[in-house]
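Engineer: Contents are CSV, C-alpha atoms; file name run.csv:
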```
chain,number,residue,atom,x,y,z
A,1,MET,CA,-73.9,8.0,-176.4
A,2,THR,CA,-72.5,7.9,-179.9
A,3,SER,CA,-69.0,8.4,-181.0
A,4,GLY,CA,-66.6,7.6,-183.8
A,5,ALA,CA,-68.7,9.0,-186.5
A,6,SER,CA,-69.1,12.4,-188.2
A,7,SER,CA,-72.3,14.5,-187.7
A,8,PRO,CA,-72.9,15.0,-191.5
A,9,GLY,CA,-73.3,11.2,-191.8
A,10,PHE,CA,-75.9,11.2,-189.0
A,11,TYR,CA,-77.7,14.1,-190.5
A,12,ALA,CA,-77.7,12.6,-194.0
A,13,CYS,CA,-79.2,9.4,-192.7
A,14,GLY,CA,-81.7,11.3,-190.6
A,15,ILE,CA,-82.9,13.5,-193.5
A,16,LEU,CA,-83.2,10.4,-195.7
A,17,ILE,CA,-85.3,8.6,-193.1
A,18,PHE,CA,-87.5,11.7,-192.5
A,19,SER,CA,-88.1,11.9,-196.3
A,20,VAL,CA,-89.3,8.4,-196.5
A,21,CYS,CA,-91.5,9.0,-193.5
A,22,ALA,CA,-92.9,12.2,-195.1
A,23,MET,CA,-93.9,10.2,-198.2
A,24,LYS,CA,-96.0,7.9,-196.0
A,25,VAL,CA,-97.8,10.6,-194.2
A,26,PRO,CA,-100.5,11.1,-197.0
A,27,ALA,CA,-101.3,7.3,-196.8
A,28,LEU,CA,-101.4,7.5,-193.0
A,29,ILE,CA,-103.9,10.4,-193.2
A,30,ARG,CA,-106.1,8.3,-195.5
A,31,ARG,CA,-105.7,5.1,-193.5
A,32,ARG,CA,-105.6,6.3,-189.9
A,33,HIS,CA,-106.7,2.9,-188.5
A,34,ASP,CA,-104.0,0.9,-190.3
A,35,ALA,CA,-101.9,-0.4,-187.4
A,36,LEU,CA,-99.1,-1.6,-189.7
A,37,LEU,CA,-98.8,1.8,-191.4
A,38,ARG,CA,-98.9,3.6,-188.0
A,39,ALA,CA,-96.1,1.4,-186.7
A,40,ALA,CA,-94.0,1.9,-189.8
A,41,CYS,CA,-94.4,5.7,-189.6
A,42,LEU,CA,-93.5,5.7,-185.8
A,43,LEU,CA,-90.4,3.6,-186.6
A,44,LEU,CA,-89.3,5.9,-189.3
A,45,PHE,CA,-90.0,9.0,-187.2
A,46,ALA,CA,-88.1,7.6,-184.2
A,47,ALA,CA,-85.2,6.4,-186.3
A,48,GLY,CA,-84.9,9.8,-187.9
A,49,TRP,CA,-84.7,11.6,-184.6
A,50,THR,CA,-82.3,8.9,-183.3
A,51,MET,CA,-79.9,9.7,-186.1
A,52,VAL,CA,-80.3,13.5,-185.9
A,53,LEU,CA,-80.1,13.7,-182.0
A,54,GLY,CA,-77.4,11.1,-181.9
A,55,ALA,CA,-75.0,13.2,-184.0
A,56,PRO,CA,-72.0,14.5,-181.9
A,57,GLU,CA,-72.7,18.1,-182.8
A,58,SER,CA,-76.4,17.7,-181.9
A,59,ILE,CA,-75.4,16.4,-178.4
A,60,VAL,CA,-73.2,19.4,-177.8
A,61,VAL,CA,-75.8,21.9,-179.1
A,62,LEU,CA,-78.6,20.4,-177.1
A,63,ASN,CA,-76.6,20.6,-173.9
A,64,ARG,CA,-75.5,24.2,-174.6
A,65,LEU,CA,-79.0,25.5,-175.6
A,66,THR,CA,-80.8,24.1,-172.6
A,67,GLY,CA,-78.0,24.8,-170.1
A,68,ILE,CA,-78.6,21.3,-168.6
A,69,THR,CA,-75.4,19.2,-168.6
A,70,ASN,CA,-75.8,15.9,-170.4
A,71,LEU,CA,-79.5,16.5,-171.2
A,72,ALA,CA,-78.7,14.9,-174.6
A,73,ALA,CA,-78.3,11.6,-172.9
A,74,PRO,CA,-81.9,11.0,-171.7
A,75,VAL,CA,-83.2,12.6,-174.9
A,76,VAL,CA,-81.2,10.2,-177.1
A,77,TYR,CA,-81.9,7.2,-174.9
A,78,ALA,CA,-85.6,7.9,-174.7
A,79,THR,CA,-85.7,8.2,-178.5
A,80,THR,CA,-83.8,5.0,-178.8
A,81,THR,CA,-86.2,3.3,-176.5
A,82,VAL,CA,-89.1,4.5,-178.7
A,83,PHE,CA,-87.4,3.2,-181.8
A,84,SER,CA,-86.9,-0.2,-180.1
A,85,GLY,CA,-90.5,-0.4,-179.2
A,86,ALA,CA,-91.6,0.7,-182.7
A,87,SER,CA,-89.4,-2.0,-184.3
A,88,LEU,CA,-91.0,-4.7,-182.2
A,89,LEU,CA,-94.5,-3.2,-182.8
A,90,LEU,CA,-93.9,-3.1,-186.6
A,91,ILE,CA,-92.8,-6.8,-186.7
A,92,VAL,CA,-95.8,-7.8,-184.6
A,93,ASN,CA,-98.2,-6.0,-186.9
A,94,TRP,CA,-96.4,-7.1,-190.1
A,95,ARG,CA,-96.4,-10.8,-189.3
A,96,PRO,CA,-99.7,-12.6,-190.1
A,97,ALA,CA,-101.5,-13.5,-186.9
A,98,PRO,CA,-105.1,-13.6,-185.5
A,99,PRO,CA,-106.3,-9.9,-185.2
A,100,GLU,CA,-107.1,-10.2,-181.5
A,101,ARG,CA,-103.7,-11.6,-180.7
A,102,THR,CA,-102.0,-8.9,-182.7
A,103,ARG,CA,-103.9,-6.2,-180.8
A,104,ASN,CA,-103.1,-7.6,-177.4
A,105,VAL,CA,-99.4,-8.0,-178.1
A,106,SER,CA,-99.4,-4.5,-179.7
A,107,ARG,CA,-101.0,-3.0,-176.5
A,108,LEU,CA,-98.4,-4.8,-174.4
A,109,VAL,CA,-95.5,-3.4,-176.4
A,110,VAL,CA,-96.9,0.1,-176.4
A,111,ARG,CA,-97.5,0.1,-172.6
A,112,SER,CA,-94.1,-1.5,-171.8
A,113,TYR,CA,-92.0,0.8,-174.0
A,114,SER,CA,-94.0,3.9,-173.0
A,115,ALA,CA,-93.2,3.1,-169.4
A,116,ALA,CA,-89.5,2.5,-170.3
A,117,THR,CA,-89.3,5.8,-172.1
A,118,LEU,CA,-90.9,7.6,-169.2
A,119,ALA,CA,-88.5,5.8,-166.7
A,120,VAL,CA,-85.5,7.0,-168.7
A,121,ILE,CA,-86.6,10.6,-168.3
A,122,VAL,CA,-87.6,10.4,-164.6
A,123,LEU,CA,-84.4,8.6,-163.6
A,124,PHE,CA,-82.3,11.2,-165.2
A,125,LEU,CA,-84.2,13.9,-163.4
A,126,LEU,CA,-83.7,12.1,-160.1
A,127,GLY,CA,-80.0,11.6,-160.7
A,128,ASP,CA,-77.0,13.9,-160.8
A,129,ALA,CA,-74.7,14.1,-163.9
A,130,PRO,CA,-72.7,17.3,-163.5
A,131,THR,CA,-69.8,16.4,-165.8
A,132,GLU,CA,-70.5,16.5,-169.5
A,133,GLN,CA,-69.7,13.3,-171.3
A,134,LEU,CA,-70.1,13.1,-175.1
A,135,THR,CA,-68.8,9.6,-175.8
A,136,LEU,CA,-68.4,7.7,-172.5
A,137,PHE,CA,-71.5,8.7,-170.6
A,138,ASP,CA,-72.6,5.1,-170.0
A,139,VAL,CA,-69.3,4.0,-168.3
A,140,PHE,CA,-68.6,7.3,-166.6
A,141,TYR,CA,-71.9,7.3,-164.7
A,142,ALA,CA,-72.0,3.5,-164.3
A,143,ASP,CA,-71.9,3.9,-160.5
A,144,THR,CA,-74.1,7.0,-160.1
A,145,PRO,CA,-77.5,6.4,-158.5
A,146,PHE,CA,-80.5,6.7,-160.7
A,147,ILE,CA,-78.3,7.5,-163.7
A,148,ARG,CA,-77.0,3.9,-163.5
A,149,GLU,CA,-80.6,2.7,-163.5
A,150,MET,CA,-81.4,4.9,-166.5
A,151,ILE,CA,-78.6,3.4,-168.5
A,152,LEU,CA,-79.6,-0.1,-167.6
A,153,THR,CA,-83.3,0.7,-168.5
A,154,TYR,CA,-82.5,1.8,-172.0
A,155,LEU,CA,-80.0,-0.9,-172.7
A,156,LEU,CA,-82.2,-3.7,-171.5
A,157,ALA,CA,-85.3,-2.3,-173.2
A,158,GLN,CA,-83.5,-2.0,-176.5
A,159,GLY,CA,-81.9,-5.4,-176.1
A,160,VAL,CA,-85.1,-7.2,-175.3
A,161,ALA,CA,-87.0,-5.5,-178.2
A,162,THR,CA,-84.3,-6.1,-180.8
A,163,MET,CA,-83.7,-9.7,-179.6
A,164,ALA,CA,-87.4,-10.4,-180.0
A,165,ALA,CA,-87.6,-8.7,-183.4
A,166,SER,CA,-84.6,-10.7,-184.6
A,167,THR,CA,-86.2,-13.9,-183.4
A,168,LEU,CA,-89.5,-13.1,-185.0
A,169,CYS,CA,-87.9,-12.1,-188.3
A,170,TRP,CA,-85.9,-15.3,-188.5
A,171,LYS,CA,-88.9,-17.6,-187.6
A,172,TRP,CA,-91.1,-15.8,-190.0
A,173,SER,CA,-88.5,-16.0,-192.8
A,174,LYS,CA,-89.0,-19.8,-192.7
A,175,GLU,CA,-92.6,-19.4,-193.6
A,176,VAL,CA,-92.4,-17.1,-196.6
A,177,GLN,CA,-90.5,-16.9,-199.9
A,178,GLY,CA,-89.2,-14.4,-202.3
A,179,SER,CA,-88.2,-10.8,-201.5
A,180,LEU,CA,-90.0,-10.9,-198.1
A,181,ARG,CA,-87.9,-13.8,-197.0
A,182,ALA,CA,-84.7,-12.1,-198.2
A,183,GLY,CA,-85.7,-8.9,-196.3
A,184,LEU,CA,-86.4,-10.8,-193.1
A,185,ARG,CA,-83.1,-12.7,-193.4
A,186,ILE,CA,-81.3,-9.4,-193.5
A,187,LEU,CA,-83.4,-7.8,-190.7
A,188,ALA,CA,-82.7,-10.7,-188.3
A,189,PRO,CA,-78.9,-10.1,-188.2
A,190,ALA,CA,-79.4,-6.4,-188.3
A,191,TYR,CA,-81.4,-6.5,-185.1
A,192,LEU,CA,-79.0,-9.1,-183.6
A,193,LEU,CA,-76.2,-6.6,-184.1
A,194,ILE,CA,-78.1,-4.1,-181.9
A,195,VAL,CA,-78.3,-6.8,-179.3
A,196,CYS,CA,-74.5,-7.2,-179.5
A,197,TYR,CA,-74.2,-3.4,-179.3
A,198,ASP,CA,-76.2,-3.4,-176.0
A,199,ALA,CA,-74.4,-6.4,-174.7
A,200,MET,CA,-71.0,-4.7,-175.2
A,201,ARG,CA,-72.1,-1.6,-173.4
A,202,LEU,CA,-73.5,-3.6,-170.5
A,203,VAL,CA,-70.2,-5.5,-170.3
A,204,ALA,CA,-68.3,-2.2,-170.1
A,205,VAL,CA,-70.7,-0.9,-167.5
A,206,CYS,CA,-70.3,-4.1,-165.4
A,207,ALA,CA,-66.6,-3.8,-165.8
A,208,ARG,CA,-66.7,-0.4,-164.1
A,209,TRP,CA,-68.6,-1.9,-161.2
A,210,THR,CA,-65.8,-4.4,-160.7
A,211,GLY,CA,-63.0,-1.9,-161.1
A,212,HIS,CA,-62.0,-2.8,-164.6
A,213,ASP,CA,-61.7,-0.6,-167.7
A,214,LEU,CA,-63.4,-1.8,-170.9
A,215,ASP,CA,-64.3,1.7,-172.1
A,216,PHE,CA,-63.1,0.9,-175.6
A,217,LEU,CA,-66.2,-1.2,-176.1
A,218,VAL,CA,-68.3,1.9,-175.7
A,219,ASP,CA,-66.4,4.5,-177.8
A,220,ARG,CA,-64.7,2.3,-180.4
A,221,VAL,CA,-66.4,-1.1,-180.9
A,222,SER,CA,-70.1,-0.6,-180.3
A,223,PRO,CA,-70.5,2.4,-182.7
A,224,GLN,CA,-69.2,0.2,-185.6
A,225,LEU,CA,-71.9,-2.4,-184.8
A,226,ALA,CA,-74.5,0.4,-184.7
A,227,ALA,CA,-73.4,1.7,-188.1
A,228,LEU,CA,-73.5,-1.8,-189.7
A,229,SER,CA,-76.9,-2.5,-188.2
A,230,CYS,CA,-78.3,0.7,-189.6
A,231,VAL,CA,-77.2,-0.2,-193.1
A,232,LEU,CA,-78.5,-3.7,-192.9
A,233,GLY,CA,-81.8,-2.5,-191.4
A,234,ALA,CA,-82.3,0.0,-194.2
A,235,ILE,CA,-81.7,-2.8,-196.8
A,236,GLY,CA,-83.8,-5.3,-194.9
A,237,PHE,CA,-86.9,-3.0,-194.9
A,238,ALA,CA,-86.3,-1.8,-198.5
A,239,VAL,CA,-86.0,-5.2,-200.1
A,240,PRO,CA,-89.6,-6.4,-199.6
A,241,LEU,CA,-90.9,-3.0,-200.6
A,242,ALA,CA,-88.7,-2.4,-203.7
A,243,ALA,CA,-88.3,-6.0,-205.0
A,244,PRO,CA,-91.8,-6.3,-206.5
A,245,HIS,CA,-91.4,-3.0,-208.3
A,246,VAL,CA,-88.0,-4.0,-209.6
A,247,THR,CA,-89.2,-7.4,-210.7
A,248,GLU,CA,-92.2,-5.8,-212.5
A,249,THR,CA,-89.8,-3.3,-214.2
A,250,VAL,CA,-87.4,-6.0,-215.3
A,251,GLN,CA,-90.1,-8.2,-216.7
A,252,ALA,CA,-91.7,-5.2,-218.5
A,253,VAL,CA,-88.3,-4.2,-220.1
A,254,ARG,CA,-87.7,-7.8,-221.2
A,255,GLN,CA,-91.1,-8.0,-222.9
A,256,LEU,CA,-90.6,-4.6,-224.5
A,257,ARG,CA,-87.4,-5.9,-226.0
A,258,GLN,CA,-89.0,-9.2,-227.1
A,259,LEU,CA,-91.8,-7.2,-228.8
A,260,THR,CA,-89.5,-5.0,-230.7
A,261,PRO,CA,-89.4,-7.1,-233.9
A,262,LEU,CA,-93.2,-7.1,-234.1
A,263,TRP,CA,-93.4,-3.4,-233.3
A,264,ARG,CA,-91.0,-2.6,-236.2
A,265,VAL,CA,-93.3,-4.5,-238.6
A,266,LEU,CA,-96.6,-3.0,-237.4
A,267,GLU,CA,-95.5,0.4,-236.2
A,268,GLN,CA,-96.6,2.1,-239.5
A,269,VAL,CA,-99.8,0.2,-240.0
A,270,PRO,CA,-102.7,2.7,-240.1
A,271,THR,CA,-105.2,2.2,-237.3
A,272,PRO,CA,-107.9,4.7,-238.0
A,273,ALA,CA,-110.2,3.4,-235.3
A,274,ALA,CA,-107.6,3.7,-232.5
A,275,ALA,CA,-106.0,6.7,-231.0
A,276,ARG,CA,-102.3,5.9,-230.8
A,277,VAL,CA,-100.7,8.0,-228.0
A,278,THR,CA,-96.9,8.2,-227.9
A,279,LEU,CA,-95.6,7.7,-224.4
A,280,PRO,CA,-92.2,9.1,-223.6
A,281,TRP,CA,-90.1,6.4,-222.0
A,282,TRP,CA,-88.3,8.8,-219.7
A,283,ARG,CA,-91.6,9.9,-218.0
A,284,THR,CA,-93.4,6.6,-217.9
A,285,ARG,CA,-92.9,3.4,-216.0
A,286,PRO,CA,-91.9,0.4,-218.2
A,287,ALA,CA,-95.1,-1.5,-217.1
A,288,VAL,CA,-97.2,1.4,-218.5
A,289,LEU,CA,-95.1,1.5,-221.7
A,290,LEU,CA,-95.6,-2.2,-222.1
A,291,THR,CA,-99.4,-1.9,-221.8
A,292,GLY,CA,-99.4,0.9,-224.3
A,293,ARG,CA,-97.2,-1.1,-226.7
A,294,LYS,CA,-99.4,-4.2,-226.5
A,295,THR,CA,-102.5,-2.1,-227.1
A,296,ALA,CA,-101.0,-0.5,-230.2
A,297,LEU,CA,-100.0,-4.0,-231.4
A,298,TYR,CA,-103.5,-5.4,-230.9
A,299,ASP,CA,-104.9,-2.4,-232.8
A,300,ALA,CA,-102.5,-2.9,-235.7
A,301,ILE,CA,-103.2,-6.6,-235.9
A,302,LEU,CA,-107.0,-5.9,-235.8
A,303,ALA,CA,-106.5,-3.4,-238.6
A,304,LEU,CA,-104.7,-6.0,-240.7
A,305,THR,CA,-107.2,-8.8,-240.0
A,306,PRO,CA,-109.4,-8.0,-243.1
A,307,TYR,CA,-106.3,-8.4,-245.3
A,308,CYS,CA,-105.2,-11.7,-243.8
A,309,ASP,CA,-105.5,-14.6,-246.3
A,310,PRO,CA,-106.1,-18.0,-244.6
A,311,ALA,CA,-104.5,-19.7,-247.7
A,312,VAL,CA,-101.3,-17.8,-246.9
A,313,HIS,CA,-101.4,-19.0,-243.4
A,314,GLN,CA,-102.1,-22.6,-244.4
A,315,THR,CA,-99.3,-22.7,-247.0
A,316,ALA,CA,-96.8,-21.1,-244.6
A,317,TYR,CA,-97.7,-23.4,-241.8
A,318,GLN,CA,-97.2,-26.5,-244.0
A,319,ILE,CA,-93.7,-25.3,-245.0
A,320,ALA,CA,-92.7,-24.2,-241.6
A,321,ARG,CA,-93.9,-27.5,-240.0
A,322,ARG,CA,-91.1,-29.3,-241.8
A,323,HIS,CA,-88.5,-27.3,-239.8
A,324,GLN,CA,-90.3,-26.4,-236.5
A,325,ASN,CA,-92.7,-27.9,-233.9
A,326,ASP,CA,-96.4,-27.1,-234.0
A,327,ALA,CA,-96.2,-24.0,-231.8
A,328,GLY,CA,-93.2,-22.6,-233.7
A,329,ALA,CA,-94.8,-23.3,-237.1
A,330,THR,CA,-98.0,-21.6,-236.0
A,331,ALA,CA,-96.2,-18.5,-235.0
A,332,THR,CA,-94.2,-18.5,-238.2
A,333,ALA,CA,-97.4,-18.8,-240.2
A,334,ASP,CA,-99.0,-16.0,-238.3
A,335,ALA,CA,-96.0,-13.8,-238.9
A,336,ALA,CA,-95.9,-14.6,-242.6
A,337,MET,CA,-99.6,-13.9,-243.0
A,338,LEU,CA,-99.3,-10.5,-241.2
A,339,LEU,CA,-96.4,-9.5,-243.5
A,340,ALA,CA,-98.4,-10.4,-246.5
A,341,ALA,CA,-101.5,-8.6,-245.1
A,342,ARG,CA,-99.4,-5.5,-244.5
A,343,GLU,CA,-98.2,-5.5,-248.1
A,344,ARG,CA,-101.8,-6.1,-249.3
A,345,GLN,CA,-103.0,-3.1,-247.2
A,346,ARG,CA,-100.4,-0.9,-248.7
A,347,THR,CA,-100.9,-1.9,-252.4
A,348,HIS,CA,-104.5,-2.9,-252.4
A,349,PRO,CA,-106.3,-1.0,-249.7
A,350,GLU,CA,-109.7,-2.4,-250.6
A,351,ARG,CA,-110.7,-5.0,-248.1
A,352,MET,CA,-110.4,-8.7,-249.2
A,353,ARG,CA,-113.7,-10.4,-249.8
A,354,ASP,CA,-112.8,-13.6,-247.9
A,355,GLY,CA,-110.3,-12.2,-245.4
A,356,MET,CA,-110.2,-13.5,-241.9
A,357,GLN,CA,-112.8,-12.3,-239.4
A,358,ALA,CA,-111.7,-10.0,-236.5
A,359,SER,CA,-109.7,-11.9,-233.9
A,360,ALA,CA,-107.0,-11.2,-231.4
A,361,TRP,CA,-103.9,-13.0,-230.2
A,362,ARG,CA,-103.4,-13.7,-226.5
A,363,GLY,CA,-100.9,-11.6,-224.7
A,364,GLU,CA,-98.3,-14.4,-224.3
A,365,ASP,CA,-98.7,-15.2,-228.1
A,366,LEU,CA,-97.6,-11.7,-228.9
A,367,VAL,CA,-94.1,-12.5,-227.7
A,368,ARG,CA,-94.0,-15.7,-229.7
A,369,LEU,CA,-95.3,-13.9,-232.7
A,370,SER,CA,-92.7,-11.2,-232.3
A,371,LEU,CA,-89.8,-13.6,-232.0
A,372,ALA,CA,-91.0,-15.4,-235.2
A,373,PHE,CA,-90.1,-12.2,-237.1
A,374,THR,CA,-86.4,-12.8,-236.3
A,375,SER,CA,-86.4,-15.8,-238.7
A,376,PRO,CA,-85.6,-15.2,-242.4
A,377,LEU,CA,-88.1,-18.0,-243.2
A,378,VAL,CA,-91.0,-15.7,-242.3
A,379,HIS,CA,-90.0,-13.1,-245.0
A,380,VAL,CA,-89.5,-15.8,-247.6
A,381,LEU,CA,-92.9,-17.3,-246.9
A,382,ALA,CA,-94.5,-13.9,-246.8
A,383,GLN,CA,-93.2,-13.0,-250.3
A,384,GLN,CA,-94.5,-16.4,-251.6
A,385,GLY,CA,-97.8,-15.7,-250.0
A,386,CYS,CA,-98.3,-12.3,-251.6
A,387,ALA,CA,-98.8,-13.8,-255.1
A,388,PRO,CA,-102.0,-15.7,-254.5
A,389,GLN,CA,-103.3,-13.0,-252.2
A,390,ARG,CA,-102.9,-10.4,-255.0
A,391,THR,CA,-104.3,-12.5,-257.9
A,392,GLY,CA,-107.0,-14.6,-256.3
A,393,HIS,CA,-108.9,-12.1,-254.1
A,394,HIS,CA,-109.6,-8.9,-256.0
A,395,ASP,CA,-112.9,-7.4,-255.3
```
Written as structure tokens, how would this file's structure read?
Structural biologist:
Amino acid sequence: MTSGASSPGFYACGILIFSVCAMKVPALIRRRHDALLRAACLLLFAAGWTMVLGAPESIVVLNRLTGITNLAAPVVYATTTVFSGASLLLIVNWRPAPPERTRNVSRLVVRSYSAATLAVIVLFLLGDAPTEQLTLFDVFYADTPFIREMILTYLLAQGVATMAASTLCWKWSKEVQGSLRAGLRILAPAYLLIVCYDAMRLVAVCARWTGHDLDFLVDRVSPQLAALSCVLGAIGFAVPLAAPHVTETVQAVRQLRQLTPLWRVLEQVPTPAAARVTLPWWRTRPAVLLTGRKTALYDAILALTPYCDPAVHQTAYQIARRHQNDAGATATADAAMLLAARERQRTHPERMRDGMQASAWRGEDLVRLSLAFTSPLVHVLAQQGCAPQRTGHHD
């Protein structure tokens, strides 16, 4: 069983895992037939109990409350076996494959690890473990009939499952890209560390059979591998889930910053036909804020369209073309025309007779238009464009 770690650490990890599992329960209720979701919930549930029951204080309490010496051993080992099977089941259902093949392999995993879990319990009941062992149970009872077989069952079941999971993760990582590949590349060594954990305990058990003492592998070395595997496993599962949201947030924040110059210009433009709702940034996701910001910008541009003078645009474009490429000159001309239109709306609110027809900029052009406002040339061109707009287009 476990050693070399404090119970609060186990309990904190267990509570965290149970919390994640609880968040997935509503989705599981709605999608009862989702094999991948069921496997994920089973994995989280088993992992949470493995952490809680594996805490040193839990082992002592379980033995004392039941009055059965070393009962914590089969309970922890059975839970660990369930976790191992759930890990393999999750990878099998996660990896793309023909549905029939996935179902057949899933059934095999469920049957095999259900049998292994039952075997752990039955073998303990058949055996005799009268001396309580909190940290060296595996090596202390390495020669005890039935208990020995119980120890071998859980170690081999866990080793086979985690070795298979590690291999599947590594092979699959070669077929995918992005955050999923990163997560799989982290999960592969995480599961491999559990294989090393099992191997070290098997070596210590075999050493007892030959009269040697390698108990330090059980109570000092293997717990360190288990702790590292737990951390890597949590990161490996979190990366594919969190990375898309992080990427979306980063891109949204970047676009919000890029649109700031345009927002400062158009923020006060009256848009009577549109209901502008202020979204507090601390309560709204950046992607939602970005959508609201773009909508408000489109509304403001639409409100200024009747005051946009094509002559201002043409003049500004010709001047800007001397200093910029076509795309840059177009954005500069658009920006100058909008500044002149804003001034026209303020000073001459009557609609221009030959103003531009209603139109809209594409989403990617909003960023280019916004960045154009950072150039001093835009303001110079806008001031030059106000003169013909005011004198040549009175109603």
Engineer: Which distance in Å separates CA of Val20 in chain A and CA of Gly183 in chain A, to one decimal?
Structural biologist: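 Taking CA of Val20 in chain A and CA of Gly183 in chain A, their separation equals 17.7 Å.
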Engineer: At what distance in Å, to one decimal, does CA of Ala46 in chain A lie from CA of Leu134 in chain A?
Structural biologist: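 Going from CA of Leu134 in chain A over to CA of Ala46 in chain A covers 20.9 Å.
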Engineer: Pick out the closest residue to Asn63 in chain A from this set: A:Asp34, A:Glu100, A:Glu267, A:Glu132. Count all atoms listed in the file.
Structural biologist: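 Looking only at the distances to Asn63 in chain A, the closest residue turns out to be A:Glu132.
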Engineer: Between A:Leu202, A:Ala12, A:Val312, A:Ala287, which is the closest to Leu156 in chain A once you count all atoms listed in the file?
Structural biologist: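 Closest to Leu156 in chain A, using all atoms listed in the file: A:Leu202.
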Engineer: Please identify every residue of range 36-104 of chain A that has at least one atom no farther than 12 Å from an atom of range 138-153 of chain A, counting all atoms listed in the file, and for each give the shortest atom pair and the distance in Å to one decimal, arranged by chain then increasing number, as a tab-separated table.
Structural biologist:
```
residue	atom	partner	partner_atom	distance
A:Asn70	CA	A:Tyr141	CA	11.0
A:Leu71	CA	A:Ile147	CA	11.8
A:Ala73	CA	A:Asp138	CA	9.1
A:Pro74	CA	A:Met150	CA	8.0
A:Val75	CA	A:Met150	CA	11.5
A:Val76	CA	A:Ile151	CA	11.3
A:Tyr77	CA	A:Ile151	CA	8.1
A:Ala78	CA	A:Met150	CA	9.7
A:Thr80	CA	A:Thr153	CA	11.2
A:Thr81	CA	A:Thr153	CA	8.9
```
Engineer: Which residue gives the smallest distance to Gln268 in chain A among A:Ala234, A:Arg95, A:Arg346, A:Phe216, with all atoms listed in the file counted?
Structural biologist: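 Nearest to Gln268 in chain A: A:Arg346.
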Engineer: For a quick check of understanding, using only C-alpha atoms, which of A:Val269, A:Leu43, A:Ala333, A:Ala242 has the smallest distance to Ile91 in chain A?
Structural biologist: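 Among the listed residues, A:Leu43 lies closest to Ile91 in chain A.
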Engineer: Just the residues within 12 Å of Arg342 in chain A, please, counting all atoms listed in the file, with nothing from its chain fewer than 5 positions along; format it as a list in words.
Structural biologist: Val265, Leu266, Glu267, Gln268, Val269, Pro270, Ala300, Ile301, Leu302, Ala303, Leu304, Thr305, Pro306, Tyr307, Cys308, Asp309, Ala335, Ala336, Met337, Thr347, His348, Pro349, Arg351, Ala382, Gln383, Gly385, Cys386 and Gln389 of chain A
